[in-house]
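final_34.tsv follows; it contains TSV, C-alpha atoms.
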```
chain	number	residue	atom	x	y	z
J	1	MET	CA	36.67	-128.00	36.20
J	2	SER	CA	38.55	-127.46	39.43
J	3	LEU	CA	36.64	-126.05	42.35
J	4	THR	CA	39.63	-123.95	43.24
J	5	GLU	CA	39.74	-122.20	39.85
J	6	SER	CA	38.89	-118.56	40.30
J	7	LEU	CA	36.20	-117.08	38.01
J	8	PRO	CA	38.54	-115.01	35.79
J	9	ILE	CA	40.86	-117.97	35.27
J	10	ARG	CA	37.95	-120.32	34.57
J	11	TYR	CA	36.51	-118.00	31.89
J	12	GLU	CA	39.94	-117.34	30.44
J	13	LEU	CA	40.54	-121.06	30.12
J	14	HIS	CA	37.18	-122.05	28.70
J	15	ASP	CA	35.97	-119.08	26.66
J	16	PRO	CA	38.10	-118.20	23.60
J	17	ASP	CA	36.29	-114.87	23.28
J	18	VAL	CA	37.39	-113.96	26.79
J	19	ARG	CA	40.96	-114.64	25.71
J	20	LEU	CA	40.45	-112.36	22.71
J	21	MET	CA	39.06	-109.64	24.97
J	22	LEU	CA	42.08	-109.94	27.25
J	23	GLN	CA	44.24	-109.35	24.17
J	24	VAL	CA	42.14	-106.27	23.40
J	25	ARG	CA	42.85	-105.11	26.96
J	26	GLU	CA	46.56	-105.39	26.17
J	27	GLY	CA	46.07	-103.13	23.13
J	28	ASN	CA	45.70	-105.73	20.37
J	29	ALA	CA	43.53	-104.08	17.68
J	30	ALA	CA	43.34	-107.22	15.54
J	31	ALA	CA	41.75	-109.09	18.45
J	32	PHE	CA	39.05	-106.45	18.66
J	33	GLU	CA	38.34	-106.73	14.94
J	34	GLU	CA	38.08	-110.49	15.35
J	35	LEU	CA	35.50	-110.03	18.12
J	36	VAL	CA	33.50	-107.67	15.89
J	37	LEU	CA	33.54	-110.25	13.11
J	38	ARG	CA	32.50	-113.03	15.46
J	39	TYR	CA	29.63	-111.16	17.08
J	40	GLN	CA	28.30	-108.63	14.59
J	41	ASN	CA	25.72	-110.92	12.96
J	42	ARG	CA	24.55	-112.38	16.27
J	43	LEU	CA	24.27	-108.96	17.83
J	44	LEU	CA	22.52	-107.41	14.83
J	45	THR	CA	20.03	-110.28	14.67
J	46	VAL	CA	19.02	-109.87	18.30
J	47	LEU	CA	18.96	-106.07	18.14
J	48	GLU	CA	17.01	-105.91	14.89
J	49	HIS	CA	14.30	-108.18	16.22
J	50	LEU	CA	14.37	-106.31	19.50
J	51	VAL	CA	13.97	-102.78	18.10
J	52	GLY	CA	12.33	-103.68	14.77
J	53	ASP	CA	14.54	-101.40	12.70
J	54	ARG	CA	17.70	-102.36	10.81
J	55	GLU	CA	19.30	-98.93	10.80
J	56	LEU	CA	18.69	-98.39	14.50
J	57	ALA	CA	19.96	-101.92	15.21
J	58	GLU	CA	23.23	-101.08	13.40
J	59	ASP	CA	23.65	-97.87	15.40
J	60	LEU	CA	23.01	-99.71	18.64
J	61	ALA	CA	25.39	-102.54	17.70
J	62	GLN	CA	28.14	-99.99	17.03
J	63	GLU	CA	27.40	-98.39	20.38
J	64	VAL	CA	27.75	-101.82	22.03
J	65	PHE	CA	31.14	-102.43	20.37
J	66	LEU	CA	32.26	-98.94	21.31
J	67	ARG	CA	31.32	-99.51	24.95
J	68	ILE	CA	33.23	-102.76	24.94
J	69	PHE	CA	36.28	-101.00	23.56
J	70	ARG	CA	36.00	-98.19	26.09
J	71	ALA	CA	35.77	-100.70	28.93
J	72	ARG	CA	38.78	-102.72	27.75
J	73	LYS	CA	41.31	-101.35	30.26
J	74	ARG	CA	39.24	-102.35	33.27
J	75	TYR	CA	37.95	-105.60	31.75
J	76	GLU	CA	37.97	-108.59	34.10
J	77	PRO	CA	36.54	-111.90	32.87
J	78	THR	CA	33.84	-112.49	35.48
J	79	ALA	CA	31.35	-113.96	32.99
J	80	LYS	CA	31.23	-115.49	29.55
J	81	PHE	CA	32.09	-112.88	26.93
J	82	SER	CA	28.72	-113.34	25.17
J	83	THR	CA	26.86	-112.77	28.45
J	84	TRP	CA	28.78	-109.55	28.99
J	85	LEU	CA	28.20	-108.37	25.41
J	86	PHE	CA	24.45	-109.06	25.48
J	87	THR	CA	24.14	-107.41	28.91
J	88	ILE	CA	25.56	-104.26	27.33
J	89	ALA	CA	23.27	-104.73	24.32
J	90	ASN	CA	20.24	-105.06	26.60
J	91	ASN	CA	21.17	-101.84	28.43
J	92	VAL	CA	21.87	-99.95	25.20
J	93	ALA	CA	18.54	-101.06	23.68
J	94	SER	CA	16.63	-100.13	26.84
J	95	ASN	CA	18.26	-96.69	26.91
J	96	ALA	CA	17.43	-96.18	23.24
J	97	ARG	CA	13.81	-97.15	23.79
J	98	ARG	CA	13.55	-94.79	26.77
J	99	SER	CA	15.09	-91.84	24.93
J	100	ARG	CA	12.91	-92.52	21.89
J	101	ALA	CA	9.84	-92.58	24.13
J	102	ASN	CA	10.97	-89.32	25.76
J	103	ARG	CA	11.50	-87.68	22.37
J	104	HIS	CA	7.97	-88.55	21.38
J	105	GLU	CA	6.79	-87.44	24.82
J	106	VAL	CA	4.59	-90.49	24.99
J	107	GLY	CA	5.44	-94.06	25.88
J	108	VAL	CA	6.26	-96.28	22.95
J	109	PRO	CA	3.66	-99.03	23.11
J	110	GLU	CA	5.14	-102.37	24.04
J	111	GLY	CA	5.18	-104.89	21.26
J	112	ASN	CA	4.31	-102.43	18.57
J	113	ASN	CA	7.63	-100.82	17.80
J	114	ASN	CA	8.29	-102.17	14.33
J	115	ASP	CA	8.43	-100.23	11.13
J	116	THR	CA	5.90	-102.26	9.14
J	117	SER	CA	3.04	-100.01	8.17
J	118	PRO	CA	-0.62	-101.07	8.37
J	119	LEU	CA	-0.68	-101.02	4.56
J	120	GLN	CA	2.01	-103.68	4.43
J	121	LEU	CA	0.07	-105.76	6.92
J	122	ASP	CA	-3.06	-105.44	4.82
J	123	GLN	CA	-1.17	-106.50	1.74
J	124	LEU	CA	0.19	-109.49	3.61
J	125	ALA	CA	-3.24	-110.40	4.81
J	126	LYS	CA	-4.62	-110.22	1.26
J	127	ALA	CA	-1.78	-112.32	-0.03
J	128	ALA	CA	-2.54	-114.81	2.68
J	129	SER	CA	-6.06	-115.30	1.29
J	130	SER	CA	-7.30	-115.26	4.83
J	131	LEU	CA	-9.68	-117.67	6.49
J	132	MET	CA	-8.33	-120.53	4.41
J	133	PRO	CA	-7.36	-123.09	7.06
J	134	ALA	CA	-4.19	-125.13	7.00
J	135	ARG	CA	-3.03	-123.58	3.77
J	136	GLN	CA	0.52	-123.74	2.56
J	137	LEU	CA	2.16	-120.56	3.71
J	138	ASP	CA	4.60	-118.77	1.57
J	139	LYS	CA	7.98	-118.73	3.33
J	140	VAL	CA	8.52	-114.96	3.10
J	141	GLU	CA	5.03	-114.24	4.27
J	142	GLN	CA	5.34	-116.73	7.10
J	143	SER	CA	8.62	-115.18	8.18
J	144	GLU	CA	7.00	-111.75	8.19
J	145	MET	CA	4.06	-113.00	10.23
J	146	VAL	CA	6.39	-114.61	12.78
J	147	ARG	CA	8.36	-111.37	12.95
J	148	GLN	CA	5.12	-109.52	13.63
J	149	ALA	CA	4.22	-112.02	16.33
J	150	VAL	CA	7.61	-111.58	18.03
J	151	ALA	CA	7.26	-107.81	17.75
J	152	ALA	CA	3.91	-108.04	19.52
J	153	LEU	CA	5.57	-109.44	22.65
J	154	SER	CA	6.71	-107.16	25.46
J	155	GLU	CA	10.31	-106.00	25.22
J	156	ARG	CA	11.47	-108.21	28.08
J	157	GLN	CA	9.69	-111.28	26.73
J	158	ARG	CA	11.18	-110.54	23.32
J	159	MET	CA	14.72	-110.19	24.67
J	160	ALA	CA	14.48	-113.41	26.70
J	161	LEU	CA	13.02	-115.23	23.71
J	162	LEU	CA	15.71	-113.99	21.31
J	163	LEU	CA	18.54	-114.90	23.67
J	164	SER	CA	17.04	-118.32	24.18
J	165	ARG	CA	16.29	-118.98	20.53
J	166	PHE	CA	19.16	-117.33	18.68
J	167	GLU	CA	21.89	-117.51	21.30
J	168	GLY	CA	20.84	-120.82	22.81
J	169	MET	CA	21.46	-119.34	26.25
J	170	SER	CA	20.53	-121.19	29.42
J	171	TYR	CA	18.04	-119.64	31.85
J	172	GLN	CA	20.97	-118.77	34.12
J	173	ASP	CA	22.83	-116.94	31.33
J	174	ILE	CA	19.68	-115.07	30.27
J	175	ALA	CA	19.09	-114.13	33.91
J	176	ASP	CA	22.66	-112.80	34.16
J	177	THR	CA	22.28	-110.90	30.89
J	178	MET	CA	18.96	-109.31	31.79
J	179	GLN	CA	19.88	-108.89	35.47
J	180	LEU	CA	16.82	-110.82	36.62
J	181	SER	CA	16.32	-113.98	38.66
J	182	VAL	CA	16.23	-117.41	37.02
J	183	GLN	CA	12.61	-117.79	38.18
J	184	ALA	CA	11.72	-114.49	36.50
J	185	ILE	CA	13.30	-115.71	33.26
J	186	LYS	CA	11.45	-119.02	33.49
J	187	SER	CA	8.21	-117.11	33.85
J	188	LEU	CA	9.09	-114.61	31.08
J	189	LEU	CA	9.96	-117.34	28.59
J	190	SER	CA	6.88	-119.33	29.41
J	191	ARG	CA	4.63	-116.33	28.86
J	192	ALA	CA	6.53	-115.39	25.72
J	193	ARG	CA	6.04	-118.82	24.21
J	194	VAL	CA	2.41	-119.07	25.24
J	195	ASN	CA	1.76	-115.60	23.80
J	196	LEU	CA	3.55	-116.58	20.61
J	197	LYS	CA	1.41	-119.69	20.32
J	198	GLU	CA	-1.75	-117.64	20.97
J	199	ILE	CA	-0.77	-115.11	18.31
J	200	LEU	CA	0.44	-117.55	15.67
J	201	THR	CA	-2.11	-120.34	15.98
J	202	PRO	CA	-5.00	-118.29	14.55
J	203	TYR	CA	-2.77	-117.21	11.70
J	204	VAL	CA	-1.60	-120.72	10.89
J	205	GLU	CA	-5.07	-122.17	11.20
J	206	GLN	CA	-7.27	-119.32	9.96
J	207	GLY	CA	-5.03	-116.73	8.32
J	208	MET	CA	-5.65	-114.15	11.07
J	209	ARG	CA	-2.99	-111.45	11.16
J	210	PRO	CA	-0.64	-111.36	14.19
J	211	ASP	CA	-1.66	-107.80	15.09
J	212	GLU	CA	-5.29	-108.90	15.36
J	213	ALA	CA	-4.31	-112.00	17.30
J	214	ALA	CA	-2.09	-109.88	19.58
J	215	ARG	CA	-5.05	-107.60	20.28
J	216	ASN	CA	-7.16	-110.62	21.14
J	217	SER	CA	-4.49	-112.10	23.40
J	218	ALA	CA	-3.91	-108.71	25.07
J	219	ALA	CA	-7.56	-108.73	26.04
J	220	ARG	CA	-6.79	-111.81	28.18
J	221	PRO	CA	-4.86	-110.69	31.24
J	222	GLU	CA	-3.19	-114.02	31.90
J	223	LEU	CA	-1.41	-113.77	28.54
J	224	ASP	CA	-0.11	-110.29	29.17
J	225	GLU	CA	3.13	-109.13	30.62
J	226	GLU	CA	4.86	-111.16	33.28
J	227	GLY	CA	4.09	-110.64	36.97
K	1	MET	CA	12.05	-130.25	43.22
K	2	ASN	CA	8.86	-132.24	43.04
K	3	THR	CA	6.06	-129.67	43.17
K	4	GLU	CA	3.08	-130.34	40.95
K	5	PRO	CA	1.95	-127.32	38.90
K	6	HIS	CA	-1.45	-126.05	40.05
K	7	THR	CA	-2.37	-123.26	37.62
K	8	THR	CA	-2.29	-123.07	33.82
K	9	ALA	CA	0.63	-120.66	34.10
K	10	ASP	CA	2.55	-123.13	36.26
K	11	LEU	CA	1.73	-125.88	33.80
K	12	ASP	CA	2.99	-123.84	30.85
K	13	GLU	CA	6.09	-122.86	32.78
K	14	GLU	CA	6.86	-126.50	33.41
K	15	LEU	CA	6.24	-127.49	29.78
K	16	VAL	CA	8.40	-124.68	28.45
K	17	ALA	CA	11.19	-125.52	30.90
K	18	TYR	CA	10.86	-129.15	29.79
K	19	LEU	CA	11.21	-128.12	26.12
K	20	ASP	CA	14.21	-125.95	27.02
K	21	GLY	CA	15.89	-128.79	28.92
K	22	GLU	CA	15.83	-126.79	32.14
K	23	LEU	CA	13.94	-129.25	34.37
K	24	ASP	CA	15.65	-131.39	36.99
K	25	PRO	CA	15.48	-135.17	36.38
K	26	ALA	CA	12.58	-135.72	38.81
K	27	ALA	CA	10.39	-133.02	37.24
K	28	CYS	CA	11.38	-134.25	33.80
K	29	ALA	CA	10.25	-137.78	34.61
K	30	ARG	CA	6.97	-136.45	36.00
K	31	VAL	CA	6.29	-134.47	32.79
K	32	GLU	CA	7.07	-137.48	30.65
K	33	ARG	CA	4.73	-139.70	32.69
K	34	ARG	CA	1.95	-137.19	32.30
K	35	LEU	CA	2.64	-136.75	28.59
K	36	ALA	CA	2.18	-140.48	28.15
K	37	ASP	CA	-1.17	-140.46	30.00
K	38	ASP	CA	-2.77	-137.09	29.21
K	39	PRO	CA	-3.68	-136.22	25.57
K	40	ALA	CA	-4.63	-132.60	26.45
K	41	TYR	CA	-1.24	-132.10	28.12
K	42	ARG	CA	0.41	-133.60	25.06
K	43	SER	CA	-1.52	-131.32	22.76
K	44	ARG	CA	-0.55	-128.26	24.82
K	45	LEU	CA	3.11	-129.23	24.53
K	46	ALA	CA	2.75	-129.76	20.77
K	47	GLY	CA	1.19	-126.30	20.36
K	48	LEU	CA	4.05	-124.65	22.23
K	49	GLU	CA	6.58	-126.62	20.23
K	50	ARG	CA	4.94	-125.71	16.90
K	51	ALA	CA	5.01	-121.99	17.65
K	52	TRP	CA	8.64	-122.31	18.79
K	53	ASP	CA	9.57	-124.10	15.56
K	54	LEU	CA	8.04	-121.27	13.54
K	55	LEU	CA	10.79	-119.04	14.90
K	56	ASP	CA	13.09	-120.89	12.52
K	57	THR	CA	11.57	-118.81	9.74
K	58	LEU	CA	12.81	-115.58	11.33
K	59	GLN	CA	15.54	-114.02	9.29
K	60	ARG	CA	18.99	-113.68	10.75
K	61	THR	CA	20.68	-110.39	10.07
K	62	GLU	CA	23.92	-110.37	8.11
K	63	ALA	CA	26.25	-107.45	8.59
K	64	ASP	CA	27.72	-106.09	5.38
K	65	ASP	CA	31.40	-105.23	4.93
K	66	ASN	CA	30.58	-101.58	5.37
K	67	PHE	CA	29.26	-102.21	8.88
K	68	THR	CA	32.40	-104.07	9.92
K	69	ARG	CA	34.66	-101.45	8.38
K	70	SER	CA	32.83	-98.48	9.85
K	71	THR	CA	32.68	-100.10	13.29
K	72	VAL	CA	36.40	-100.83	13.37
K	73	GLU	CA	37.22	-97.37	11.96
K	74	MET	CA	35.01	-95.67	14.51
K	75	VAL	CA	36.72	-97.52	17.32
K	76	ALA	CA	40.17	-96.76	15.85
K	77	LEU	CA	39.27	-93.06	15.74
K	78	ARG	CA	38.12	-93.27	19.32
K	79	ALA	CA	41.41	-94.88	20.28
K	80	GLU	CA	43.31	-92.04	18.57
K	81	ASP	CA	41.18	-89.51	20.46
K	82	GLU	CA	41.94	-91.30	23.70
K	83	VAL	CA	45.69	-91.25	22.99
K	84	ALA	CA	45.53	-87.54	22.11
K	85	THR	CA	43.56	-86.80	25.28
K	86	GLU	CA	45.99	-88.81	27.39
K	87	THR	CA	48.97	-87.00	25.80
K	88	ARG	CA	47.30	-83.65	26.43
K	89	SER	CA	46.58	-84.61	30.03
K	90	ALA	CA	50.14	-85.81	30.54
K	91	ARG	CA	51.48	-82.52	29.15
K	92	GLN	CA	49.16	-80.52	31.40
K	93	LEU	CA	50.23	-82.65	34.34
K	94	ARG	CA	53.91	-82.03	33.55
K	95	GLY	CA	53.25	-78.27	33.30
K	96	LEU	CA	51.46	-78.33	36.63
K	97	ALA	CA	54.34	-80.27	38.20
K	98	TRP	CA	56.88	-77.70	36.98
K	99	ALA	CA	54.72	-74.82	38.24
K	100	GLY	CA	54.40	-76.53	41.60
K	101	LEU	CA	58.14	-77.08	41.76
K	102	ALA	CA	58.85	-73.41	40.95
K	103	ALA	CA	56.34	-72.27	43.60
K	104	ALA	CA	57.96	-74.57	46.18
K	105	ALA	CA	61.41	-73.20	45.30
K	106	CYS	CA	60.20	-69.58	45.71
K	107	LEU	CA	58.61	-70.42	49.04
K	108	ALA	CA	61.78	-72.13	50.24
K	109	ALA	CA	63.88	-69.09	49.17
K	110	ALA	CA	61.54	-66.69	51.00
K	111	LEU	CA	61.58	-68.79	54.16
K	112	GLY	CA	65.38	-69.01	53.98
K	113	PHE	CA	65.67	-65.23	53.60
K	114	VAL	CA	63.46	-64.62	56.64
K	115	ALA	CA	65.34	-67.18	58.73
K	116	ILE	CA	68.78	-65.80	57.82
K	117	ARG	CA	67.67	-62.25	58.45
K	118	ALA	CA	66.27	-63.18	61.85
K	119	ARG	CA	69.52	-64.93	62.71
K	120	LEU	CA	71.60	-61.93	61.65
K	121	GLU	CA	69.46	-59.57	63.71
K	122	ARG	CA	69.81	-61.63	66.89
K	123	PRO	CA	73.26	-60.07	68.04
K	124	ASN	CA	71.88	-56.54	67.41
K	125	ARG	CA	68.91	-57.29	69.68
K	126	ALA	CA	71.34	-58.47	72.40
K	127	LEU	CA	73.42	-55.29	72.03
K	128	ALA	CA	70.30	-53.10	72.26
K	129	ARG	CA	69.23	-54.96	75.39
K	130	ASP	CA	72.67	-54.48	76.99
K	131	LEU	CA	73.13	-50.86	75.83
K	132	PRO	CA	72.24	-49.22	79.21
K	133	VAL	CA	74.83	-51.38	80.92
K	134	ILE	CA	77.45	-50.68	78.24
K	135	GLU	CA	76.92	-46.95	78.48
K	136	LYS	CA	77.41	-47.01	82.25
K	137	ILE	CA	80.10	-49.65	82.28
K	138	ASP	CA	82.61	-47.31	84.05
K	139	GLN	CA	80.24	-46.41	86.83
K	140	LEU	CA	78.99	-49.94	87.24
K	141	GLY	CA	82.59	-51.10	87.41
K	142	ASN	CA	82.89	-49.31	90.78
K	143	VAL	CA	80.27	-51.59	92.29
K	144	ASP	CA	81.91	-54.55	93.94
K	145	SER	CA	78.96	-56.88	94.18
K	146	VAL	CA	77.18	-58.36	91.21
K	147	ASP	CA	74.41	-59.43	93.55
K	148	PHE	CA	73.87	-55.77	94.42
K	149	LEU	CA	73.56	-54.84	90.72
K	150	GLN	CA	71.15	-57.75	90.22
K	151	GLN	CA	69.04	-56.43	93.08
K	152	LEU	CA	68.99	-52.94	91.52
K	153	GLN	CA	67.85	-54.39	88.22
K	154	ASN	CA	65.15	-56.44	89.94
K	155	GLU	CA	63.88	-53.26	91.61
K	156	GLY	CA	63.52	-51.66	88.16
K	157	LEU	CA	66.25	-49.10	88.57
K	158	PHE	CA	67.44	-49.53	84.95
K	159	ALA	CA	63.95	-49.75	83.43
K	160	ALA	CA	63.52	-45.99	83.14
K	161	GLU	CA	66.85	-45.68	81.41
K	162	VAL	CA	66.01	-48.43	78.98
K	163	ALA	CA	62.68	-46.71	78.24
K	164	ASN	CA	64.49	-43.42	77.68
K	165	GLU	CA	66.92	-45.09	75.30
K	166	GLU	CA	64.10	-46.55	73.32
```

Show this structure as structure tokens.
Amino acid sequence: MSLTESLPIRYELHDPDVRLMLQVREGNAAAFEELVLRYQNRLLTVLEHLVGDRELAEDLAQEVFLRIFRARKRYEPTAKFSTWLFTIANNVASNARRSRANRHEVGVPEGNNNDTSPLQLDQLAKAASSLMPARQLDKVEQSEMVRQAVAALSERQRMALLLSRFEGMSYQDIADTMQLSVQAIKSLLSRARVNLKEILTPYVEQGMRPDEAARNSAARPELDEEG
Amino acid sequence: MNTEPHTTADLDEELVAYLDGELDPAACARVERRLADDPAYRSRLAGLERAWDLLDTLQRTEADDNFTRSTVEMVALRAEDEVATETRSARQLRGLAWAGLAAAACLAAALGFVAIRARLERPNRALARDLPVIEKIDQLGNVDSVDFLQQLQNEGLFAAEVANEE
């Protein structure tokens, strides 16, 4: 890559999605539909795990696409398209969480904003025939337990983790997306993965539910939120 | 960078960065040396890796056709709204431009009227000023010296007559 290439030209040359977005800027509706098709599953996956609710995730994803469309006329490719899209997604999700917290007039507890009721958790725990070490876990149950463990993380840890895991983003790209420093992302991801290990290990080894493990890990300050 | 991690948090940070391929070659070599020598360090890495691998079981969301369709339709509607708003704005702008033009024309006409009227009135003002002299032109004709008349005017001899005329 030439050192003299300006940022917009570099992204236009190397990112096909940037080229599609530039076509959207010129009024090409088919290019916008193509972008929706390319990103809808990726965006919904991140948003659903971030907010813990499919319907809300769909509303937020539509809001993200709408914002992208609205911004088309002043679009300049100064970053990878995916970084730009997930930056918008991060802002939209944060706004939604804030307005939801305001509506309830109390803060929504971090890491507990999923729609699985305690009854479902109890049923899962029964199905897991708890305290049986190293047992073969049913795939669906395991997936649900991992989902619970991810939901127990703080929102920022969860977002960094999802971008790293599902989007395969580098620390630099995650930092750009979340508007944080690379060091902050390094720290966030480390704590996220350590917390995940702390929450999931008791479940894998002893059948302890993630919400119980999360409570235990929350009691240890070094496993809490970053900073 | 070649700083050894001192706390557990630093250690985890380094291990996670190692797993994510985000360490520089020197730090990477240091981690690998320690992994070869330190079973507890190795075990810590394995634990982090195991939990990370469990994320594979997380379901990925698939959008249905309805989502795609409704998203594209919503955006198309928004585009129509934008076009309608822009058309409305353009029409309003045109209306404002015409109104402005008409106002400017009226102003120009009024200014022209005042200017022409002032110009037309200028000879009348000169006649009014010279009226005392015109009325006495026969008498003043008997005076030989213009300088003498000038002196009389400077002394205010005609002022009373002008005031009377007015």

- Using all atoms listed in the file, find which residues of chain K lie within 8 Å of chain J and jot them down as a PyMOL selection string. chain K and resi 9+12-13+16-17+22+47-48+50-52+54-55+57-63+67-68+71-72+75

- Message: Just to confirm, what's the straight-line distance from CA of Val51 (chain J) to CA of Ala151 (chain J) in Å (one decimal)?
- Response: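 Rounded to one decimal, the two atoms are 8.4 Å apart.
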
- Task: Could you jot down the CA of Arg129 (chain K) to CA of Gly112 (chain K) separation for me, Å, one decimal place?
- Result: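 The value is 25.9 Å.
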
- Item | Pick from J:Arg10, J:Arg72, J:Arg97, J:Trp84, whichever lies nearest to Gln179 (chain J) using all atoms listed in the file |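 Under the stated criterion, the closest residue is J:Trp84.
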
- Distance query Asp15 (chain J) at most 10 Å, all atoms listed in the file, self and fewer than 6 positions along chain excluded, as a list in words: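 Using all atoms listed in the file, the neighbours found are Ile9, Pro77, Ala79, Lys80, Phe81 and Ser82 of chain J.
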
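Counting all atoms listed in the file and comparing K:Asp37, K:Asn124, K:Arg30, K:Tyr18, the residue that lies closest to Glu49 (chain K) is K:Tyr18.
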
- Task: Please indicate the distance in Å from CA of His14 (chain J) to CA of Asp173 (chain J), rounded to one decimal place.
- Result: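 Pair CA of His14 (chain J) / CA of Asp173 (chain J) returns 15.5 Å.
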
Hey, could you patch up region 99-121 of chain K with N, CA and C atoms and hand it over as an mmCIF file, in the frame of the given file?
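The resulting selection13.cif:
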```cif
data_model
loop_
_atom_site.group_PDB
_atom_site.id
_atom_site.type_symbol
_atom_site.label_atom_id
_atom_site.label_comp_id
_atom_site.auth_asym_id
_atom_site.auth_seq_id
_atom_site.Cartn_x
_atom_site.Cartn_y
_atom_site.Cartn_z
ATOM 1 N N ALA K 99 55.221 -76.017 37.547
ATOM 2 C CA ALA K 99 54.720 -74.820 38.240
ATOM 3 C C ALA K 99 54.780 -75.032 39.751
ATOM 4 N N GLY K 100 54.382 -76.206 40.175
ATOM 5 C CA GLY K 100 54.400 -76.530 41.600
ATOM 6 C C GLY K 100 55.811 -76.499 42.158
ATOM 7 N N LEU K 101 56.732 -77.038 41.349
ATOM 8 C CA LEU K 101 58.140 -77.080 41.760
ATOM 9 C C LEU K 101 58.691 -75.655 41.913
ATOM 10 N N ALA K 102 58.365 -74.803 40.922
ATOM 11 C CA ALA K 102 58.850 -73.410 40.950
ATOM 12 C C ALA K 102 58.276 -72.692 42.185
ATOM 13 N N ALA K 103 56.980 -72.917 42.449
ATOM 14 C CA ALA K 103 56.340 -72.270 43.600
ATOM 15 C C ALA K 103 57.016 -72.732 44.896
ATOM 16 N N ALA K 104 57.321 -74.026 44.969
ATOM 17 C CA ALA K 104 57.960 -74.570 46.180
ATOM 18 C C ALA K 104 59.349 -73.965 46.363
ATOM 19 N N ALA K 105 60.073 -73.779 45.235
ATOM 20 C CA ALA K 105 61.410 -73.200 45.300
ATOM 21 C C ALA K 105 61.347 -71.752 45.805
ATOM 22 N N CYS K 106 60.365 -70.984 45.280
ATOM 23 C CA CYS K 106 60.200 -69.580 45.710
ATOM 24 C C CYS K 106 59.900 -69.517 47.207
ATOM 25 N N LEU K 107 59.002 -70.397 47.633
ATOM 26 C CA LEU K 107 58.610 -70.420 49.040
ATOM 27 C C LEU K 107 59.813 -70.745 49.919
ATOM 28 N N ALA K 108 60.605 -71.730 49.461
ATOM 29 C CA ALA K 108 61.780 -72.130 50.240
ATOM 30 C C ALA K 108 62.766 -70.960 50.318
ATOM 31 N N ALA K 109 62.952 -70.236 49.188
ATOM 32 C CA ALA K 109 63.880 -69.090 49.170
ATOM 33 C C ALA K 109 63.399 -68.011 50.138
ATOM 34 N N ALA K 110 62.092 -67.728 50.118
ATOM 35 C CA ALA K 110 61.540 -66.690 51.000
ATOM 36 C C ALA K 110 61.730 -67.082 52.462
ATOM 37 N N LEU K 111 61.436 -68.313 52.779
ATOM 38 C CA LEU K 111 61.580 -68.790 54.160
ATOM 39 C C LEU K 111 63.036 -68.704 54.605
ATOM 40 N N GLY K 112 63.947 -69.059 53.685
ATOM 41 C CA GLY K 112 65.380 -69.010 53.980
ATOM 42 C C GLY K 112 65.826 -67.576 54.267
ATOM 43 N N PHE K 113 65.319 -66.644 53.433
ATOM 44 C CA PHE K 113 65.670 -65.230 53.600
ATOM 45 C C PHE K 113 65.240 -64.729 54.991
ATOM 46 N N VAL K 114 63.995 -65.063 55.344
ATOM 47 C CA VAL K 114 63.460 -64.620 56.640
ATOM 48 C C VAL K 114 64.277 -65.227 57.773
ATOM 49 N N ALA K 115 64.603 -66.504 57.652
ATOM 50 C CA ALA K 115 65.340 -67.180 58.730
ATOM 51 C C ALA K 115 66.729 -66.583 58.892
ATOM 52 N N ILE K 116 67.415 -66.343 57.757
ATOM 53 C CA ILE K 116 68.780 -65.800 57.820
ATOM 54 C C ILE K 116 68.763 -64.379 58.409
ATOM 55 N N ARG K 117 67.764 -63.620 57.959
ATOM 56 C CA ARG K 117 67.670 -62.250 58.450
ATOM 57 C C ARG K 117 67.440 -62.239 59.966
ATOM 58 N N ALA K 118 66.565 -63.110 60.413
ATOM 59 C CA ALA K 118 66.270 -63.180 61.850
ATOM 60 C C ALA K 118 67.536 -63.565 62.622
ATOM 61 N N ARG K 119 68.295 -64.492 62.033
ATOM 62 C CA ARG K 119 69.520 -64.930 62.710
ATOM 63 C C ARG K 119 70.545 -63.802 62.802
ATOM 64 N N LEU K 120 70.635 -63.040 61.678
ATOM 65 C CA LEU K 120 71.600 -61.930 61.650
ATOM 66 C C LEU K 120 71.209 -60.837 62.637
ATOM 67 N N GLU K 121 69.917 -60.652 62.829
ATOM 68 C CA GLU K 121 69.460 -59.570 63.710
ATOM 69 C C GLU K 121 69.595 -59.934 65.183
#
```
